[in-house]
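S.K.: What follows is a single structure, and I will ask about it in a moment.
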Amino acid sequence: MKVGTRGFSGARWLAGIIFVTFGTLAEAAVSAAWEQFPTKKNADEWLVYDWGREDYYLPSWDSTADQEHIWFYHDGDAVLEFSADQVTADGAYVGDFVAANVDSITVDLFIEDLDEFEKVDCGIFTKGPDGVKRWYYSVPYTWADFSAEGWQEFVRFGMEETWTHFDDAEPVTILADEQFLRSVEGVAITFFPVEGSTLNMRVGMDNFVLEPKVTPPRLDVSHTASDFRIAFTPAPGLSADLQRMTTTAPFTWSDVPGQTFITGPGRHVFTTPLSSSVGIFRVAVFPDYFPVIAE
């Protein structure tokens with residue numbers, strides 16, 4: 001399901017208050033990059049691997065206005081894996097997840113028939129604690145996690161969760177450390193039908209996002225004989241608003257004029273003359289989502 005905007009809620013912002021070929025990746029991923037599949041070129045930068053046919057395909061693209069997404073049909077009970085690498089979105093979804101401040105992957109998933117669906121997981125191709133590059137898989141969502149077939153919105157795969165690879169069919173589970181998160185070379189969403197399914201079920205995805213970790217910036221506060229200063233740097237993928245509390249009841253926060261939608265990587269400095277009135281400031285931060293457009 002297409003979402004026109006991605007805003008923020010109380011759970012999505014915090015405030016600092018004063019009082020298939022993988023190469024070597026040198027750059028950070030792009031936190032808050034938002035794939036809406038607005039064009040066929042966007043869709044064609046993704047791949048679908050059919051585990052039954054053991055081959056890669058381009059996903060089908062639904063071009064319905066405001067409902068654009070990619071999809072594919074299962075061949076019976078064959079697993080389908082939608083994947084992105086350094087070619088996809090100019091490498092926005094791979095690279096150094098630590099430097100990019102990545103907290104999780106969220107995505108909208110389409111499942112045609114829950115009776116024919118077993119589970120879905122997220123895969124990351126990266127270097128594990130033993131230094132070996134391989135696919136690691138998240139804790140899956142099963143049919144029991146969804147109440148109805150169709151679109152499942154904001155399905156989240158967190159970097160803080162356990163990740164599993166298979167060594168001769170034996171599962172090996174780890175917690176993501178910095179080495180794991182600094183060398184991501186591929187990401188995937190994998191759909192598993194129930195064993196023996198003959199429906200050739202349709203599945204799809206939309207609104208794929210590398211969600212930033214929403215944390216308040218460190219605030220450096222100083223003053224001179226005449227001025228008060230606040231300096232801070234929003235983390236990657238975040239935007240910040242400087243706000244001031246009103247000094248009379250009802251006490252509310254309001255944006256400081258000209259001090260909204262502040263982003264990094266440069267350091268932002270706000271200066272205001274000292275006065276006899278009391279001022280309480282805070283910096284509210286929230287994800288700075290931006291749509292990915294293939295060029």
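How things are named: the first chain in the structure tokens is A, the next is B, and so on; residues count from 1 in each chain; ligands count from 1 in the order shown.
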Find the residues around Phe37 of chain A up to 8 Å (only C-alpha atoms counted), leave out those fewer than 2 positions away in its own chain, and share them as a list of chain:residue names.
M.R.: A:Glu35, A:Thr39, A:Lys40, A:Asn42, A:Ala43, A:Glu68, A:His69, A:Ile70, A:Asp206, A:Asn207
S.K.: Go ahead and dump the residues you just picked, all heavy atoms, as a tab-separated table (two decimals), in the first residue's frame.
M.R.:
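Final output, part_18.tsv:
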chain	number	residue	atom	x	y	z
A	35	GLU	N	12.43	3.71	-0.56
A	35	GLU	CA	12.12	3.15	-1.88
A	35	GLU	C	10.62	2.95	-2.04
A	35	GLU	O	10.02	2.10	-1.41
A	35	GLU	CB	12.85	1.81	-2.08
A	35	GLU	CG	12.55	1.13	-3.41
A	35	GLU	CD	12.97	1.98	-4.59
A	35	GLU	OE1	14.14	1.89	-5.01
A	35	GLU	OE2	12.09	2.73	-5.11
A	39	THR	N	9.14	4.30	-10.40
A	39	THR	CA	9.37	4.07	-11.82
A	39	THR	C	9.81	2.63	-12.06
A	39	THR	O	10.25	1.94	-11.15
A	39	THR	CB	10.48	5.00	-12.37
A	39	THR	OG1	11.75	4.61	-11.80
A	39	THR	CG2	10.20	6.46	-12.03
A	40	LYS	N	9.69	2.20	-13.32
A	40	LYS	CA	10.14	0.85	-13.67
A	40	LYS	C	11.65	0.73	-13.49
A	40	LYS	O	12.16	-0.34	-13.15
A	40	LYS	CB	9.75	0.50	-15.10
A	40	LYS	CG	10.02	-0.97	-15.46
A	40	LYS	CD	9.50	-1.31	-16.84
A	40	LYS	CE	9.63	-2.82	-17.09
A	40	LYS	NZ	11.00	-3.31	-16.95
A	42	ASN	N	13.40	2.09	-11.11
A	42	ASN	CA	13.59	1.75	-9.70
A	42	ASN	C	13.38	0.26	-9.48
A	42	ASN	O	14.17	-0.40	-8.80
A	42	ASN	CB	12.60	2.52	-8.82
A	42	ASN	CG	13.02	3.95	-8.56
A	42	ASN	OD1	13.01	4.77	-9.48
A	42	ASN	ND2	13.37	4.27	-7.33
A	43	ALA	N	12.29	-0.27	-10.05
A	43	ALA	CA	11.97	-1.69	-9.89
A	43	ALA	C	13.06	-2.57	-10.48
A	43	ALA	O	13.43	-3.60	-9.90
A	43	ALA	CB	10.63	-2.00	-10.53
A	68	GLU	N	2.36	2.16	-6.68
A	68	GLU	CA	3.47	1.48	-7.34
A	68	GLU	C	4.18	0.56	-6.36
A	68	GLU	O	4.42	0.92	-5.21
A	68	GLU	CB	4.47	2.50	-7.90
A	68	GLU	CG	3.90	3.44	-8.95
A	68	GLU	CD	3.38	4.74	-8.35
A	68	GLU	OE1	3.14	4.77	-7.11
A	68	GLU	OE2	3.24	5.73	-9.10
A	69	HIS	N	4.52	-0.63	-6.84
A	69	HIS	CA	5.26	-1.58	-6.00
A	69	HIS	C	5.80	-2.68	-6.90
A	69	HIS	O	5.48	-2.75	-8.10
A	69	HIS	CB	4.37	-2.18	-4.91
A	69	HIS	CG	3.22	-2.99	-5.42
A	69	HIS	ND1	2.01	-2.43	-5.79
A	69	HIS	CD2	3.08	-4.33	-5.60
A	69	HIS	CE1	1.18	-3.38	-6.19
A	69	HIS	NE2	1.81	-4.54	-6.09
A	70	ILE	N	6.67	-3.54	-6.34
A	70	ILE	CA	7.17	-4.68	-7.10
A	70	ILE	C	6.54	-5.97	-6.57
A	70	ILE	O	6.15	-6.04	-5.40
A	70	ILE	CB	8.72	-4.78	-7.06
A	70	ILE	CG1	9.24	-4.88	-5.61
A	70	ILE	CG2	9.34	-3.58	-7.78
A	70	ILE	CD1	10.75	-5.11	-5.53
A	206	ASP	N	6.80	-2.88	-0.91
A	206	ASP	CA	6.76	-1.45	-1.16
A	206	ASP	C	7.33	-0.75	0.07
A	206	ASP	O	7.49	-1.36	1.14
A	206	ASP	CB	5.31	-1.02	-1.41
A	206	ASP	CG	5.20	0.40	-1.98
A	206	ASP	OD1	6.23	0.98	-2.35
A	206	ASP	OD2	4.07	0.91	-2.06
A	207	ASN	N	7.64	0.53	-0.08
A	207	ASN	CA	8.09	1.37	1.04
A	207	ASN	C	9.21	0.71	1.85
A	207	ASN	O	9.13	0.57	3.07
A	207	ASN	CB	6.90	1.70	1.95
A	207	ASN	CG	5.90	2.61	1.28
A	207	ASN	OD1	6.26	3.54	0.58
A	207	ASN	ND2	4.62	2.33	1.46
S.K.: Fewer than 3 positions away in the same chain doesn't count, so skip those; otherwise give me all residues within 7 Å of segment 95-109 of chain A, counting only C-alpha atoms, as a ChimeraX atom specification.
M.R.: /A:25-31,151-159,178,181-185,204-213,235-236
S.K.: Using DSSP assignments from the backbone, pull out every residue in segment 124-246 of chain A that falls under strand (DSSP E) and give it to me as JSON, numbers by chain.
M.R.: {"A": [124, 125, 126, 127, 133, 134, 135, 136, 137, 141, 142, 150, 151, 152, 153, 154, 155, 156, 157, 158, 162, 163, 164, 165, 166, 167, 170, 171, 172, 173, 174, 175, 186, 187, 188, 189, 190, 191, 192, 193, 202, 203, 204, 205, 206, 207, 208, 209, 210, 211, 212, 220, 221, 222, 223, 227, 228, 229, 230, 231, 232, 238, 239, 240, 241, 242, 243, 244, 245]}
S.K.: So which residues touch segment 50-58 of chain A within 6 Å, counting only C-alpha atoms, skipping near sequence neighbours fewer than 5 positions away, as a list in words?
M.R.: Asp44, Ala78, Val79 and Leu80 of chain A
S.K.: Write to file, as an mmCIF file, in the first residue's frame, the residues of the selection just made, with N, CA and C atoms.
M.R.:
data_model
loop_
_atom_site.group_PDB
_atom_site.id
_atom_site.type_symbol
_atom_site.label_atom_id
_atom_site.label_comp_id
_atom_site.auth_asym_id
_atom_site.auth_seq_id
_atom_site.Cartn_x
_atom_site.Cartn_y
_atom_site.Cartn_z
ATOM 1 N N ASP A 44 13.590 -2.181 -11.643
ATOM 2 C CA ASP A 44 14.575 -3.006 -12.342
ATOM 3 C C ASP A 44 15.925 -3.054 -11.651
ATOM 4 N N ALA A 78 7.956 -22.860 -4.175
ATOM 5 C CA ALA A 78 9.324 -22.349 -4.287
ATOM 6 C C ALA A 78 9.452 -21.001 -3.574
ATOM 7 N N VAL A 79 10.543 -20.845 -2.851
ATOM 8 C CA VAL A 79 10.806 -19.620 -2.097
ATOM 9 C C VAL A 79 11.215 -18.501 -3.056
ATOM 10 N N LEU A 80 10.792 -17.263 -2.757
ATOM 11 C CA LEU A 80 11.171 -16.088 -3.543
ATOM 12 C C LEU A 80 11.934 -15.101 -2.662
#
S.K.: Go through A:Tyr289, A:Glu149, A:Arg218, A:Asp177 one by one, measure the shortest atom-to-atom distance of each to Gly131 of chain A using only C-alpha atoms, and give the residue with the smallest value.
M.R.: A:Asp177
S.K.: Tell me which protein, DNA and RNA residues are within 9 Å of Thr190 of chain A, counting only C-alpha atoms, leaving out same-chain ones fewer than 2 positions away, and put them as a list of chain:residue names.
M.R.: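 Selected residues are A:Val79, A:Leu80, A:Glu81, A:Phe82, A:Ser83, A:Lys119, A:Val120, A:Asp121, A:Cys122, A:Gly123, A:Ala188, A:Phe192.
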S.K.: Generate a file of the selected residues that holds N, CA and C atoms, formatted as a PDB file, in the first residue's frame.
M.R.:
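File again.pdb, as written:
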ATOM      1  N   VAL A  79      10.543 -20.845  -2.851  1.00  0.00           N
ATOM      2  CA  VAL A  79      10.806 -19.620  -2.097  1.00  0.00           C
ATOM      3  C   VAL A  79      11.215 -18.501  -3.056  1.00  0.00           C
ATOM      4  N   LEU A  80      10.792 -17.263  -2.757  1.00  0.00           N
ATOM      5  CA  LEU A  80      11.171 -16.088  -3.543  1.00  0.00           C
ATOM      6  C   LEU A  80      11.934 -15.101  -2.662  1.00  0.00           C
ATOM      7  N   GLU A  81      13.057 -14.598  -3.211  1.00  0.00           N
ATOM      8  CA  GLU A  81      13.909 -13.661  -2.466  1.00  0.00           C
ATOM      9  C   GLU A  81      14.076 -12.381  -3.270  1.00  0.00           C
ATOM     10  N   PHE A  82      13.565 -11.259  -2.753  1.00  0.00           N
ATOM     11  CA  PHE A  82      13.726  -9.931  -3.366  1.00  0.00           C
ATOM     12  C   PHE A  82      14.989  -9.307  -2.778  1.00  0.00           C
ATOM     13  N   SER A  83      15.946  -8.936  -3.624  1.00  0.00           N
ATOM     14  CA  SER A  83      17.239  -8.492  -3.087  1.00  0.00           C
ATOM     15  C   SER A  83      17.726  -7.191  -3.717  1.00  0.00           C
ATOM     16  N   LYS A 119       6.140 -18.027   6.127  1.00  0.00           N
ATOM     17  CA  LYS A 119       6.905 -17.022   6.851  1.00  0.00           C
ATOM     18  C   LYS A 119       7.600 -16.091   5.869  1.00  0.00           C
ATOM     19  N   VAL A 120       8.155 -14.983   6.424  1.00  0.00           N
ATOM     20  CA  VAL A 120       8.973 -14.043   5.658  1.00  0.00           C
ATOM     21  C   VAL A 120      10.089 -13.563   6.572  1.00  0.00           C
ATOM     22  N   ASP A 121      11.288 -13.419   6.016  1.00  0.00           N
ATOM     23  CA  ASP A 121      12.391 -12.899   6.820  1.00  0.00           C
ATOM     24  C   ASP A 121      13.200 -11.898   6.018  1.00  0.00           C
ATOM     25  N   CYS A 122      14.145 -11.275   6.709  1.00  0.00           N
ATOM     26  CA  CYS A 122      15.064 -10.323   6.088  1.00  0.00           C
ATOM     27  C   CYS A 122      16.456 -10.940   6.104  1.00  0.00           C
ATOM     28  N   GLY A 123      17.164 -10.843   4.989  1.00  0.00           N
ATOM     29  CA  GLY A 123      18.522 -11.347   4.906  1.00  0.00           C
ATOM     30  C   GLY A 123      19.525 -10.223   4.732  1.00  0.00           C
ATOM     31  N   ALA A 188      17.929  -8.516   1.609  1.00  0.00           N
ATOM     32  CA  ALA A 188      16.901  -9.285   0.916  1.00  0.00           C
ATOM     33  C   ALA A 188      15.679  -9.469   1.800  1.00  0.00           C
ATOM     34  N   PHE A 192       8.354 -17.358   2.081  1.00  0.00           N
ATOM     35  CA  PHE A 192       8.263 -18.816   2.088  1.00  0.00           C
ATOM     36  C   PHE A 192       6.793 -19.239   2.050  1.00  0.00           C
TER      37      PHE A 192
END
